[in-house]
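To be precise, the following lines are target39.txt, and they hold compact mmCIF, C-alpha atoms and all ligand atoms.
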```txt
# COMPACT_ATOMS: atom_id res chain seq x y z
CA PRO A 1 -25.97 31.89 15.13
CA LYS A 2 -26.97 34.92 17.19
CA LYS A 3 -24.52 36.16 19.78
CA ASP A 4 -25.52 34.83 23.17
CA ILE A 5 -26.64 37.77 25.26
CA SER A 6 -26.77 37.32 29.03
CA ASN A 7 -30.09 37.45 30.89
CA LYS A 8 -28.79 40.49 32.79
CA GLU A 9 -28.26 42.40 29.55
CA LEU A 10 -31.64 41.35 28.18
CA ILE A 11 -33.39 42.52 31.34
CA SER A 12 -31.58 45.85 31.48
CA TYR A 13 -32.44 46.62 27.80
CA ARG A 14 -36.09 45.66 28.37
CA LYS A 15 -36.25 47.95 31.40
CA LYS A 16 -35.03 50.93 29.37
CA HIS A 17 -36.62 50.38 25.98
CA LEU A 18 -39.64 48.10 26.21
CA GLY A 19 -43.03 49.04 27.64
CA LYS A 20 -42.79 49.72 31.35
CA SER A 21 -45.90 47.74 32.17
CA LEU A 22 -44.71 44.51 30.54
CA SER A 23 -44.06 41.88 33.17
CA LEU A 24 -41.73 38.89 33.44
CA GLN A 25 -42.51 35.48 34.86
CA TYR A 26 -40.64 34.19 37.93
CA LYS A 27 -38.35 35.84 40.50
CA GLN A 28 -35.41 34.82 38.29
CA PRO A 29 -36.70 35.15 34.73
CA VAL A 30 -35.80 32.40 32.26
CA LYS A 31 -34.77 32.71 28.63
CA MET A 32 -36.21 30.16 26.23
CA VAL A 33 -34.68 29.34 22.89
CA ARG A 34 -36.91 26.65 21.44
CA GLY A 35 -40.00 24.57 21.94
CA PHE A 36 -41.06 21.04 21.06
CA GLY A 37 -44.16 19.09 22.12
CA PRO A 38 -45.02 19.95 25.73
CA TYR A 39 -41.49 21.28 26.39
CA LEU A 40 -39.55 24.53 26.20
CA MET A 41 -35.75 24.61 26.20
CA ASP A 42 -33.34 27.15 27.71
CA PRO A 43 -29.95 28.14 26.18
CA PHE A 44 -28.19 25.44 28.24
CA GLY A 45 -30.28 22.72 26.64
CA LYS A 46 -32.35 22.19 29.79
CA LYS A 47 -35.93 21.27 29.00
CA TYR A 48 -38.91 22.49 30.94
CA LEU A 49 -42.30 20.79 31.04
CA ASP A 50 -44.87 23.41 30.09
CA THR A 51 -48.10 23.02 32.08
CA VAL A 52 -49.27 26.57 31.34
CA ASN A 53 -49.30 27.28 27.63
CA ASN A 54 -52.78 26.82 26.23
CA VAL A 55 -51.68 28.59 23.06
CA ALA A 56 -49.31 25.83 21.91
CA HIS A 57 -52.45 23.72 21.64
CA VAL A 58 -51.13 20.87 19.46
CA GLY A 59 -47.60 21.13 20.87
CA HIS A 60 -44.88 23.74 20.62
CA GLU A 61 -43.57 24.22 17.06
CA ASN A 62 -45.74 21.39 15.76
CA TYR A 63 -44.12 20.34 12.50
CA LYS A 64 -47.36 20.06 10.50
CA VAL A 65 -48.54 23.50 11.60
CA VAL A 66 -45.15 25.07 10.85
CA LYS A 67 -45.17 23.45 7.41
CA ALA A 68 -48.74 24.57 6.63
CA GLY A 69 -47.70 28.14 7.50
CA THR A 70 -44.36 28.23 5.70
CA ASP A 71 -45.72 26.52 2.54
CA GLN A 72 -48.49 29.11 2.26
CA MET A 73 -46.18 31.98 3.21
CA ALA A 74 -43.88 31.06 0.31
CA LEU A 75 -46.83 31.09 -2.11
CA LEU A 76 -49.13 33.97 -1.26
CA ASN A 77 -50.29 36.17 1.59
CA THR A 78 -52.93 38.83 0.97
CA ASN A 79 -56.02 40.24 2.61
CA SER A 80 -59.43 38.58 2.41
CA ARG A 81 -60.77 40.77 -0.44
CA TYR A 82 -59.48 38.19 -2.94
CA LEU A 83 -61.17 34.84 -3.26
CA HIS A 84 -59.17 32.05 -1.62
CA GLU A 85 -59.95 28.48 -0.54
CA ASN A 86 -58.13 28.77 2.79
CA ILE A 87 -60.59 31.14 4.45
CA ASN A 88 -63.54 28.96 3.37
CA GLU A 89 -61.78 25.83 4.53
CA LEU A 90 -61.08 27.23 8.00
CA ALA A 91 -64.68 28.42 8.27
CA LYS A 92 -65.85 24.89 7.40
CA GLU A 93 -63.53 23.29 9.98
CA LEU A 94 -64.87 25.59 12.69
CA ILE A 95 -68.54 25.34 11.72
CA GLU A 96 -68.25 21.54 11.90
CA THR A 97 -67.48 21.89 15.64
CA LEU A 98 -70.20 24.43 16.48
CA PRO A 99 -73.97 24.14 17.02
CA LYS A 100 -75.86 24.66 13.73
CA GLU A 101 -77.09 28.14 14.81
CA LEU A 102 -73.52 29.48 14.95
CA ASN A 103 -72.55 29.42 11.29
CA VAL A 104 -71.17 32.84 10.35
CA LEU A 105 -67.51 33.68 10.93
CA HIS A 106 -65.31 36.75 11.03
CA PHE A 107 -61.55 36.24 11.29
CA VAL A 108 -59.33 38.54 13.35
CA ASN A 109 -55.85 38.46 14.89
CA SER A 110 -56.20 38.15 18.65
CA GLY A 111 -58.64 37.35 21.43
CA SER A 112 -58.91 41.07 22.18
CA GLU A 113 -59.91 41.81 18.60
CA ALA A 114 -62.45 38.99 18.72
CA ASN A 115 -64.12 40.37 21.86
CA GLU A 116 -63.88 43.91 20.51
CA LEU A 117 -65.79 42.80 17.42
CA ALA A 118 -68.28 40.82 19.53
CA ILE A 119 -69.16 43.96 21.50
CA ARG A 120 -69.53 45.95 18.27
CA MET A 121 -71.94 43.25 17.10
CA VAL A 122 -73.90 43.53 20.35
CA LYS A 123 -74.24 47.28 19.88
CA ALA A 124 -75.26 46.91 16.23
CA ALA A 125 -77.74 44.12 16.93
CA THR A 126 -79.45 45.63 19.98
CA GLY A 127 -78.81 49.37 19.79
CA GLU A 128 -77.78 49.10 23.45
CA ARG A 129 -74.35 49.55 25.03
CA ASP A 130 -74.81 48.13 28.53
CA ILE A 131 -72.79 44.96 29.11
CA ILE A 132 -72.93 42.49 31.99
CA ALA A 133 -69.68 40.67 32.83
CA SER A 134 -68.09 38.75 35.67
CA GLU A 135 -66.06 40.03 38.55
CA VAL A 136 -62.35 39.26 37.87
CA GLY A 137 -63.18 38.46 34.24
CA TYR A 138 -60.60 39.29 31.54
CA HIS A 139 -61.53 39.78 27.90
CA GLY A 140 -58.61 41.59 26.30
CA ASN A 141 -56.33 44.61 26.06
CA SER A 142 -58.23 47.06 23.82
CA ASN A 143 -60.25 50.00 25.17
CA MET A 144 -63.61 48.24 25.02
CA CYS A 145 -62.18 44.98 26.36
CA ILE A 146 -60.59 46.71 29.34
CA ASP A 147 -63.95 48.40 29.97
CA ILE A 148 -65.60 44.98 30.42
CA SER A 149 -62.65 43.36 32.28
CA SER A 150 -63.06 43.68 36.04
CA TYR A 151 -59.70 41.86 36.39
CA LYS A 152 -58.14 45.06 35.01
CA PHE A 153 -60.36 47.99 36.00
CA ASP A 154 -60.84 46.68 39.55
CA GLY A 155 -57.12 45.89 39.88
CA SER A 156 -54.09 48.15 40.40
CA GLY A 157 -54.02 51.04 37.95
CA GLY A 158 -57.75 50.68 37.24
CA ASN A 159 -60.56 53.14 37.87
CA GLY A 160 -63.48 50.81 38.55
CA ALA A 161 -66.39 49.88 36.28
CA PRO A 162 -67.45 52.38 33.60
CA GLU A 163 -71.13 53.51 33.55
CA ASN A 164 -72.16 50.91 30.95
CA THR A 165 -70.47 47.89 32.54
CA HIS A 166 -72.27 45.86 35.21
CA ILE A 167 -70.40 43.26 37.19
CA PHE A 168 -71.86 40.20 38.89
CA PRO A 169 -69.91 38.59 41.75
CA LEU A 170 -67.33 35.94 40.79
CA PRO A 171 -69.47 32.77 40.74
CA ASN A 172 -67.08 30.89 43.00
CA ALA A 173 -69.00 28.13 44.77
CA PHE A 174 -65.97 27.22 46.90
CA ARG A 175 -65.19 30.49 48.62
CA GLY A 176 -67.38 33.16 46.97
CA LYS A 177 -70.53 35.08 47.94
CA TYR A 178 -72.77 32.04 47.40
CA ARG A 179 -71.63 28.46 48.02
CA GLY A 180 -73.10 24.99 47.87
CA GLU A 181 -76.04 23.58 45.97
CA ASN A 182 -78.00 26.73 45.11
CA ALA A 183 -74.97 28.76 44.10
CA GLY A 184 -75.87 28.68 40.37
CA ALA A 185 -79.37 30.06 40.93
CA ASN A 186 -78.12 32.65 43.42
CA TYR A 187 -75.45 34.03 41.09
CA ALA A 188 -77.99 34.12 38.24
CA GLU A 189 -80.25 36.16 40.52
CA GLU A 190 -77.39 38.70 40.74
CA VAL A 191 -77.47 38.94 36.94
CA LYS A 192 -81.22 39.59 37.14
CA ILE A 193 -80.64 42.39 39.67
CA LEU A 194 -78.15 44.04 37.28
CA VAL A 195 -80.64 43.83 34.39
CA ASN A 196 -83.29 45.48 36.58
CA GLN A 197 -80.89 48.24 37.61
CA VAL A 198 -80.10 49.07 33.98
CA GLN A 199 -83.80 49.07 33.05
CA GLN A 200 -84.60 51.37 35.98
CA LYS A 201 -82.22 53.88 34.42
CA GLY A 202 -84.37 53.83 31.28
CA ARG A 203 -81.87 51.75 29.27
CA ASN A 204 -81.68 48.07 28.35
CA ILE A 205 -79.05 45.31 28.27
CA GLY A 206 -76.94 44.93 25.15
CA GLY A 207 -74.92 41.85 26.03
CA PHE A 208 -73.65 39.36 28.57
CA ILE A 209 -70.11 37.99 28.36
CA VAL A 210 -68.49 35.28 30.43
CA GLU A 211 -65.94 32.47 30.06
CA PRO A 212 -67.27 28.95 30.73
CA ILE A 213 -64.42 28.57 33.25
CA ILE A 214 -63.24 31.95 34.49
CA SER A 215 -59.50 31.73 34.07
CA CYS A 216 -58.17 34.95 35.63
CA GLY A 217 -60.75 34.42 38.38
CA GLY A 218 -58.71 31.34 39.34
CA GLN A 219 -60.11 28.61 37.07
CA ILE A 220 -63.65 29.11 38.41
CA GLU A 221 -66.13 26.59 36.99
CA LEU A 222 -69.54 28.14 36.50
CA PRO A 223 -71.87 26.58 39.06
CA SER A 224 -74.54 24.27 37.70
CA GLY A 225 -77.53 26.04 36.17
CA PHE A 226 -75.92 29.49 36.26
CA LEU A 227 -75.30 29.92 32.54
CA LYS A 228 -78.66 28.56 31.40
CA LYS A 229 -80.58 30.77 33.82
CA SER A 230 -78.46 33.84 33.02
CA TYR A 231 -78.94 33.38 29.26
CA GLU A 232 -82.73 33.26 29.84
CA ILE A 233 -82.61 36.46 31.89
CA ILE A 234 -80.49 38.26 29.28
CA ARG A 235 -82.59 37.08 26.34
CA ASN A 236 -85.83 38.04 28.07
CA ALA A 237 -84.39 41.55 28.27
CA GLY A 238 -83.49 41.48 24.56
CA GLY A 239 -79.75 41.03 25.15
CA ILE A 240 -77.09 38.98 23.32
CA CYS A 241 -75.07 36.19 24.97
CA ILE A 242 -71.34 35.89 24.29
CA SER A 243 -69.20 32.92 25.31
CA ASP A 244 -65.54 33.91 25.53
CA GLU A 245 -63.81 30.68 24.48
CA VAL A 246 -60.39 32.26 23.97
CA GLN A 247 -58.92 29.98 26.65
CA THR A 248 -61.46 27.19 26.95
CA GLY A 249 -62.16 26.40 23.30
CA CYS A 250 -60.97 23.91 20.68
CA GLY A 251 -61.25 20.67 22.65
CA ARG A 252 -59.54 21.64 25.89
CA MET A 253 -62.60 20.86 28.03
CA GLY A 254 -62.35 17.16 27.18
CA LYS A 255 -66.04 16.32 27.46
CA THR A 256 -66.97 18.97 24.89
CA PHE A 257 -65.25 20.91 22.10
CA TRP A 258 -66.46 24.27 23.48
CA GLY A 259 -66.92 25.30 27.11
CA PHE A 260 -70.51 26.51 26.73
CA GLN A 261 -71.51 22.98 25.66
CA LEU A 262 -70.90 21.83 29.24
CA HIS A 263 -73.89 23.96 30.21
CA ASN A 264 -76.40 23.03 27.48
CA VAL A 265 -76.70 26.53 26.09
CA VAL A 266 -76.13 28.01 22.65
CA PRO A 267 -74.63 31.51 22.70
CA ASP A 268 -75.37 34.15 20.05
CA ILE A 269 -71.66 34.89 19.70
CA VAL A 270 -68.55 32.78 20.44
CA THR A 271 -65.09 34.32 20.54
CA ILE A 272 -62.12 32.09 19.71
CA GLY A 273 -58.44 32.93 20.11
CA LYS A 274 -55.26 31.58 21.62
CA PRO A 275 -55.20 27.90 20.47
CA LEU A 276 -56.50 28.47 16.95
CA GLY A 277 -53.08 29.45 15.54
CA ASN A 278 -50.89 27.38 17.90
CA GLY A 279 -48.87 30.57 18.49
CA HIS A 280 -49.60 32.33 15.21
CA PRO A 281 -51.89 35.36 15.70
CA ILE A 282 -55.29 34.29 14.46
CA ALA A 283 -58.66 34.51 16.20
CA ALA A 284 -62.30 34.31 15.19
CA VAL A 285 -65.83 35.35 16.03
CA ALA A 286 -68.65 32.90 15.33
CA CYS A 287 -72.20 34.21 15.41
CA THR A 288 -75.76 33.48 14.31
CA GLN A 289 -77.15 34.58 10.94
CA LYS A 290 -79.38 37.01 12.83
CA VAL A 291 -76.48 38.78 14.58
CA ALA A 292 -74.41 38.78 11.35
CA ASP A 293 -77.29 40.34 9.40
CA LYS A 294 -77.70 43.12 11.95
CA PHE A 295 -73.94 43.78 12.00
CA ALA A 296 -73.84 44.12 8.18
CA ASN A 297 -75.62 47.46 8.32
CA GLY A 298 -73.81 48.94 5.33
CA MET A 299 -70.47 49.69 6.98
CA GLU A 300 -67.74 47.45 5.59
CA TYR A 301 -65.80 45.35 8.10
CA PHE A 302 -62.19 45.31 6.98
CA ASN A 303 -59.28 43.70 8.75
CA THR A 304 -55.88 43.84 6.99
CA PHE A 305 -54.55 40.58 8.40
CA GLY A 306 -57.67 38.81 9.61
CA GLY A 307 -58.46 35.74 7.52
CA ASN A 308 -55.32 35.91 5.35
CA PRO A 309 -54.33 32.68 3.56
CA VAL A 310 -51.33 32.01 5.83
CA SER A 311 -53.29 32.39 9.06
CA CYS A 312 -56.13 30.30 7.67
CA ALA A 313 -53.79 27.51 6.52
CA ILE A 314 -52.39 27.41 10.05
CA GLY A 315 -55.81 27.49 11.78
CA THR A 316 -57.12 24.73 9.52
CA GLU A 317 -54.11 22.53 10.24
CA VAL A 318 -54.50 23.04 14.01
CA LEU A 319 -58.17 21.99 13.91
CA LYS A 320 -57.40 19.03 11.66
CA ILE A 321 -54.73 17.83 14.11
CA VAL A 322 -57.10 18.22 17.09
CA LYS A 323 -59.66 16.08 15.24
CA LYS A 324 -57.32 13.49 13.67
CA GLU A 325 -55.13 12.98 16.72
CA LYS A 326 -58.18 12.89 19.03
CA LEU A 327 -56.75 15.58 21.27
CA GLN A 328 -60.14 16.41 22.83
CA GLU A 329 -60.26 12.78 23.96
CA ASN A 330 -56.69 13.08 25.26
CA ALA A 331 -57.70 16.21 27.21
CA LEU A 332 -60.48 14.18 28.80
CA ILE A 333 -58.40 11.12 29.65
CA ILE A 334 -55.27 12.91 30.86
CA GLY A 335 -57.32 15.68 32.50
CA GLU A 336 -59.35 13.18 34.53
CA PHE A 337 -56.21 11.27 35.50
CA LEU A 338 -54.53 14.50 36.62
CA LYS A 339 -57.60 15.66 38.51
CA SER A 340 -57.89 12.41 40.43
CA GLU A 341 -54.15 12.46 41.27
CA LEU A 342 -54.43 16.09 42.39
CA LYS A 343 -57.38 15.17 44.59
CA LYS A 344 -55.22 12.49 46.20
CA LEU A 345 -52.62 15.20 46.88
CA ALA A 346 -55.34 17.42 48.38
CA HIS A 347 -56.20 14.58 50.73
CA LYS A 348 -52.58 14.29 51.84
CA PHE A 349 -51.85 18.04 51.91
CA PRO A 350 -54.77 20.05 53.39
CA ILE A 351 -53.21 23.27 52.04
CA ILE A 352 -54.94 22.29 48.77
CA GLY A 353 -58.45 23.56 49.44
CA GLU A 354 -59.96 22.71 46.07
CA VAL A 355 -59.03 21.01 42.81
CA ARG A 356 -61.33 22.10 39.99
CA GLY A 357 -61.72 22.45 36.25
CA GLN A 358 -62.45 20.32 33.20
CA GLY A 359 -60.21 18.41 30.81
CA LEU A 360 -56.79 20.02 30.58
CA PHE A 361 -57.94 23.27 32.20
CA LEU A 362 -57.49 22.77 35.93
CA GLY A 363 -56.86 24.85 39.03
CA ILE A 364 -55.51 24.09 42.50
CA GLU A 365 -56.44 26.58 45.21
CA LEU A 366 -54.22 26.93 48.29
CA VAL A 367 -55.88 28.01 51.55
CA ASP A 368 -55.57 27.47 55.29
CA SER A 369 -58.21 25.80 57.42
CA LYS A 370 -60.27 29.00 57.55
CA LEU A 371 -60.17 29.28 53.71
CA THR A 372 -57.75 32.22 53.93
CA PRO A 373 -55.84 32.38 50.62
CA LEU A 374 -52.14 31.49 50.81
CA LYS A 375 -50.47 33.69 48.23
CA GLU A 376 -46.89 33.31 49.49
CA GLN A 377 -47.07 29.53 49.44
CA THR A 378 -48.62 29.49 45.97
CA ASN A 379 -45.90 31.74 44.64
CA TYR A 380 -43.23 29.63 46.34
CA LEU A 381 -44.69 26.47 44.84
CA ALA A 382 -44.66 27.88 41.28
CA ASN A 383 -41.08 29.11 41.66
CA ARG A 384 -39.85 25.83 43.19
CA MET A 385 -41.52 23.86 40.40
CA LYS A 386 -39.51 25.96 37.97
CA ASP A 387 -36.32 24.94 39.81
CA HIS A 388 -37.37 21.39 38.87
CA HIS A 389 -38.02 22.44 35.28
CA ILE A 390 -41.79 22.47 35.43
CA LEU A 391 -43.51 25.66 34.32
CA MET A 392 -46.67 26.64 36.19
CA SER A 393 -48.57 29.89 36.62
CA VAL A 394 -50.49 31.55 39.44
CA ASP A 395 -53.82 33.36 39.13
CA GLY A 396 -57.02 34.32 40.92
CA PRO A 397 -57.92 37.58 42.69
CA ASP A 398 -55.91 36.43 45.74
CA HIS A 399 -53.02 34.97 43.71
CA ASN A 400 -53.50 31.59 45.35
CA VAL A 401 -54.54 29.37 42.43
CA LEU A 402 -52.08 27.31 40.42
CA LYS A 403 -53.29 26.87 36.86
CA ILE A 404 -52.75 23.76 34.76
CA LYS A 405 -53.51 24.28 31.05
CA PRO A 406 -50.80 22.54 29.03
CA PRO A 407 -50.66 21.78 25.30
CA LEU A 408 -53.35 19.17 24.58
CA ILE A 409 -50.75 16.57 23.64
CA PHE A 410 -49.81 16.33 27.35
CA SER A 411 -49.22 12.63 28.10
CA LYS A 412 -49.76 10.45 31.13
CA THR A 413 -45.99 10.41 31.67
CA ASN A 414 -46.01 14.23 31.66
CA ALA A 415 -48.88 14.20 34.16
CA LYS A 416 -47.02 11.76 36.44
CA GLU A 417 -43.92 13.95 36.34
CA LEU A 418 -45.99 16.97 37.33
CA ILE A 419 -47.61 15.11 40.24
CA TYR A 420 -44.26 13.74 41.42
CA PHE A 421 -42.73 17.20 41.75
CA LEU A 422 -45.86 18.80 43.20
CA LYS A 423 -45.79 16.18 45.93
CA LYS A 424 -42.10 16.84 46.57
CA ILE A 425 -42.51 20.63 46.89
CA LEU A 426 -45.74 20.38 48.91
CA SER A 427 -43.69 18.45 51.50
CA GLU A 428 -41.16 21.26 51.92
CA ASP A 429 -41.09 23.22 55.19
CA PHE A 430 -42.15 26.51 53.64
CA MET A 431 -45.36 24.95 52.34
CA ASN A 432 -46.28 24.03 55.90
CA SER A 433 -45.17 27.32 57.47
CA TYR A 434 -48.73 28.72 57.28
CA LYS A 435 -49.77 26.37 60.07
CA LYS A 436 -47.13 27.85 62.40
CA ASP A 437 -48.25 31.41 61.49
CA LYS A 438 -51.71 30.57 62.77
CA SER A 439 -50.64 29.08 66.13
N1 LIG B 1 -60.29 36.54 26.55
C1 LIG B 1 -59.71 35.74 27.46
C2 LIG B 1 -60.58 34.85 28.29
C3 LIG B 1 -58.33 35.73 27.62
O1 LIG B 1 -57.77 34.93 28.51
C4 LIG B 1 -57.54 36.57 26.81
C5 LIG B 1 -56.02 36.60 26.92
N2 LIG B 1 -55.48 36.15 28.09
C6 LIG B 1 -58.19 37.41 25.88
C7 LIG B 1 -59.56 37.35 25.77
C8 LIG B 1 -57.41 38.34 25.00
O2 LIG B 1 -56.70 37.64 24.07
P1 LIG B 1 -55.38 38.26 23.37
O3 LIG B 1 -54.34 38.39 24.43
O4 LIG B 1 -55.08 37.26 22.31
O5 LIG B 1 -55.76 39.57 22.79
```
As structure tokens, what does this structure read like?
Amino acid sequence: PKKDISNKELISYRKKHLGKSLSLQYKQPVKMVRGFGPYLMDPFGKKYLDTVNNVAHVGHENYKVVKAGTDQMALLNTNSRYLHENINELAKELIETLPKELNVLHFVNSGSEANELAIRMVKAATGERDIIASEVGYHGNSNMCIDISSYKFDGSGGNGAPENTHIFPLPNAFRGKYRGENAGANYAEEVKILVNQVQQKGRNIGGFIVEPIISCGGQIELPSGFLKKSYEIIRNAGGICISDEVQTGCGRMGKTFWGFQLHNVVPDIVTIGKPLGNGHPIAAVACTQKVADKFANGMEYFNTFGGNPVSCAIGTEVLKIVKKEKLQENALIIGEFLKSELKKLAHKFPIIGEVRGQGLFLGIELVDSKLTPLKEQTNYLANRMKDHHILMSVDGPDHNVLKIKPPLIFSKTNAKELIYFLKKILSEDFMNSYKKDKS
């Protein structure tokens, strides 16, 4: 066994020799040594309930996925220039879940690579380079992805939107620019204004990218009608519509397999990442025949690791498990149970301003009576939950949204445990201190 190195030593080495902009979770970082189901375990054998990791889709270290990977790894791993069943099989598994129009796949290694390729496709298909994206959206870590990620370029260390990126306001119907019934139409009108502005400069729109629930924005559900109307506006201008399903895809929404299906639209391109490999780096881009034809303009697309037999064996097994074990249905049942229990908590604790989301992709926003975001309390809550061995994360532009996006195998017992401890911490003095601040 490896020598047990103290957390202090691990931190001090990281500080000296690992990237300076890497961050650590929690005031007192935790070391994890193994995972199983919805749990992670620390070196002392303490288990933590993971309500955050939407990568470990079918459960941490799922035996069938591990076996599919190790069996194939022992046999062969090469690039996709050789014929192999695995890449075809994974394509078939994915196509089965998608609308019939989306039936061409490219395999890559991360969500960033998927969005990078999607934007290349937009440029090849339209000849345009102007992209419309959401405020506080995040689409990946590569150059192009950062250029369309307001979460990064509008945040610390960023330099604002580049010339070819156009940002519509975060479509937050709870506390954003437009609220209430007409919010969807009003935010879509903002998209229209951006299209007009680009056209007035003598250019046209290449593409439009958004997540069906904007995760870094604080689990923001797109208001009703927004996506359908925006797609119409973009398509009328000759643009391409991308649904970033890196977080929302593969059954997590409960009611639907993909997030865009909640809005009765069919994108031209869908990007798929995190859950597809259950922790193994594999991602994909699904597109229409039309987009694929335009992209195949003579330049070969080569990706050393994308679509290799090991990754494809793993991706296929993940999708088979989601289907066979009815995990989309579980996301719906457990997600709705959790949402209704969280709403009961919101009733009891007015600090919870809104509970939102779909399936096992939920958010709890903490505000005071004037809707002022309560960052300190949110941070306290996440850290106190960790003291009780429940892992949660905080997001949103004001750092006041707790995210719940556990492995899809999350059970009712897990949900009850989460609610029990949330209730306990919400009752603590610090969580009510904001009321005293105001008086
Ligand atoms: N798109 C979205 C919506 C994401 O949340 C992320 C990662 N958080 C990415 C793209 C990039 O994926 P990756 O980190 O796998 O490159």
*Hey, which of A:Gly155, A:Gly307, A:Gly335, A:Gly279 ends up closest to ligand LIG 1 (chain B)? Count all atoms listed in the file.*
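For ligand LIG 1 (chain B), the nearest of the candidates is A:Gly279.
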*Taking the point (-56.7, 25.8, 33.7) as given in the file, collect each protein or nucleic acid residue that comes within 8 Å of it, counting only C-alpha atoms, and present the set as a VMD selection string.*
chain A and resid 52 215 219 357 to 358 360 to 363 403 to 405
_Nearby residues, (-55.2, 41.2, 1.5) file frame, 12 Å, all atoms listed in the file, as a PyMOL selection string_ = chain A and resi 76-84+87+302-311
Give one line per residue of chain A that approaches ligand LIG 1 (chain B) to at most 9 Å, naming the two atoms of the closest pair and their distance in Å to one decimal, counting all atoms listed in the file; sort by chain then ascending residue number and deliver it as JSON lines.
```
{"residue": "A:Asn109", "atom": "CA", "partner": "B:LIG1", "partner_atom": "O4", "distance": 7.6}
{"residue": "A:Ser110", "atom": "CA", "partner": "B:LIG1", "partner_atom": "O4", "distance": 3.9}
{"residue": "A:Gly111", "atom": "CA", "partner": "B:LIG1", "partner_atom": "O2", "distance": 3.3}
{"residue": "A:Ser112", "atom": "CA", "partner": "B:LIG1", "partner_atom": "O5", "distance": 3.5}
{"residue": "A:Glu113", "atom": "CA", "partner": "B:LIG1", "partner_atom": "O5", "distance": 6.3}
{"residue": "A:Ala114", "atom": "CA", "partner": "B:LIG1", "partner_atom": "C7", "distance": 7.8}
{"residue": "A:Asn115", "atom": "CA", "partner": "B:LIG1", "partner_atom": "C7", "distance": 6.7}
{"residue": "A:Gly137", "atom": "CA", "partner": "B:LIG1", "partner_atom": "C2", "distance": 7.4}
{"residue": "A:Tyr138", "atom": "CA", "partner": "B:LIG1", "partner_atom": "C1", "distance": 5.5}
{"residue": "A:His139", "atom": "CA", "partner": "B:LIG1", "partner_atom": "N1", "distance": 3.7}
{"residue": "A:Gly140", "atom": "CA", "partner": "B:LIG1", "partner_atom": "C8", "distance": 3.7}
{"residue": "A:Asn141", "atom": "CA", "partner": "B:LIG1", "partner_atom": "O5", "distance": 6.0}
{"residue": "A:Ser142", "atom": "CA", "partner": "B:LIG1", "partner_atom": "O5", "distance": 8.0}
{"residue": "A:Cys145", "atom": "CA", "partner": "B:LIG1", "partner_atom": "C7", "distance": 8.1}
{"residue": "A:Val210", "atom": "CA", "partner": "B:LIG1", "partner_atom": "C2", "distance": 8.2}
{"residue": "A:Glu211", "atom": "CA", "partner": "B:LIG1", "partner_atom": "C2", "distance": 6.1}
{"residue": "A:Ile213", "atom": "CA", "partner": "B:LIG1", "partner_atom": "C2", "distance": 8.9}
{"residue": "A:Ile214", "atom": "CA", "partner": "B:LIG1", "partner_atom": "C2", "distance": 7.3}
{"residue": "A:Ser215", "atom": "CA", "partner": "B:LIG1", "partner_atom": "O1", "distance": 6.6}
{"residue": "A:Cys216", "atom": "CA", "partner": "B:LIG1", "partner_atom": "O1", "distance": 7.1}
{"residue": "A:Asp244", "atom": "CA", "partner": "B:LIG1", "partner_atom": "C2", "distance": 5.8}
{"residue": "A:Glu245", "atom": "CA", "partner": "B:LIG1", "partner_atom": "C2", "distance": 6.5}
{"residue": "A:Val246", "atom": "CA", "partner": "B:LIG1", "partner_atom": "C1", "distance": 5.0}
{"residue": "A:Gln247", "atom": "CA", "partner": "B:LIG1", "partner_atom": "C2", "distance": 5.4}
{"residue": "A:Thr248", "atom": "CA", "partner": "B:LIG1", "partner_atom": "C2", "distance": 7.8}
{"residue": "A:Thr271", "atom": "CA", "partner": "B:LIG1", "partner_atom": "N1", "distance": 8.0}
{"residue": "A:Ile272", "atom": "CA", "partner": "B:LIG1", "partner_atom": "N1", "distance": 8.4}
{"residue": "A:Gly273", "atom": "CA", "partner": "B:LIG1", "partner_atom": "O4", "distance": 5.9}
{"residue": "A:Lys274", "atom": "CA", "partner": "B:LIG1", "partner_atom": "O4", "distance": 5.7}
{"residue": "A:Pro281", "atom": "CA", "partner": "B:LIG1", "partner_atom": "O4", "distance": 7.6}
{"residue": "A:Ile282", "atom": "CA", "partner": "B:LIG1", "partner_atom": "O4", "distance": 8.4}
{"residue": "A:Ala283", "atom": "CA", "partner": "B:LIG1", "partner_atom": "O4", "distance": 7.6}
```
*What does the distance from CA of Gly160 in chain A to CA of Gly217 in chain A come to in Å, to one decimal?*
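Computed distance, CA of Gly160 in chain A to CA of Gly217 in chain A, equals 16.6 Å.
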_Here is a test: counting only C-alpha atoms, which residue of A:Gly127, A:Pro275, A:Gly238, A:Gly37 is nearest to Phe295 in chain A?_
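Nearest candidate to Phe295 in chain A out of A:Gly127, A:Pro275, A:Gly238, A:Gly37: A:Gly127.
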_For Asp42 in chain A, find every residue with an atom within 6 Å (counting all atoms listed in the file), except residues of its own chain fewer than 6 positions away, and show them as a ChimeraX atom specification._
/A:31-33
*Distance of CA of Pro397 in chain A from CA of Phe153 in chain A, expressed in Å to one decimal place*: 12.6 Å
*A:Val318, A:Val401, A:Leu49, A:Leu40: which is nearest Asn414 in chain A, counting all atoms listed in the file?*
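Using all atoms listed in the file, Asn414 in chain A sits closest to A:Leu49.
Atom pair CA of Thr256 in chain A / CA of Gln328 in chain A: separated by 7.6 Å.
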*Counting all atoms listed in the file, which of A:Glu376, A:Asp395, A:Glu417, A:Asp293 gets nearest to Leu338 in chain A?*
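Nearest candidate to Leu338 in chain A out of A:Glu376, A:Asp395, A:Glu417, A:Asp293: A:Glu417.
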*Which residue gives the smallest distance to Thr413 in chain A among A:Phe337, A:Val136, A:Leu10, A:Phe260, with all atoms listed in the file counted?*
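The closest residue to Thr413 in chain A is A:Phe337.
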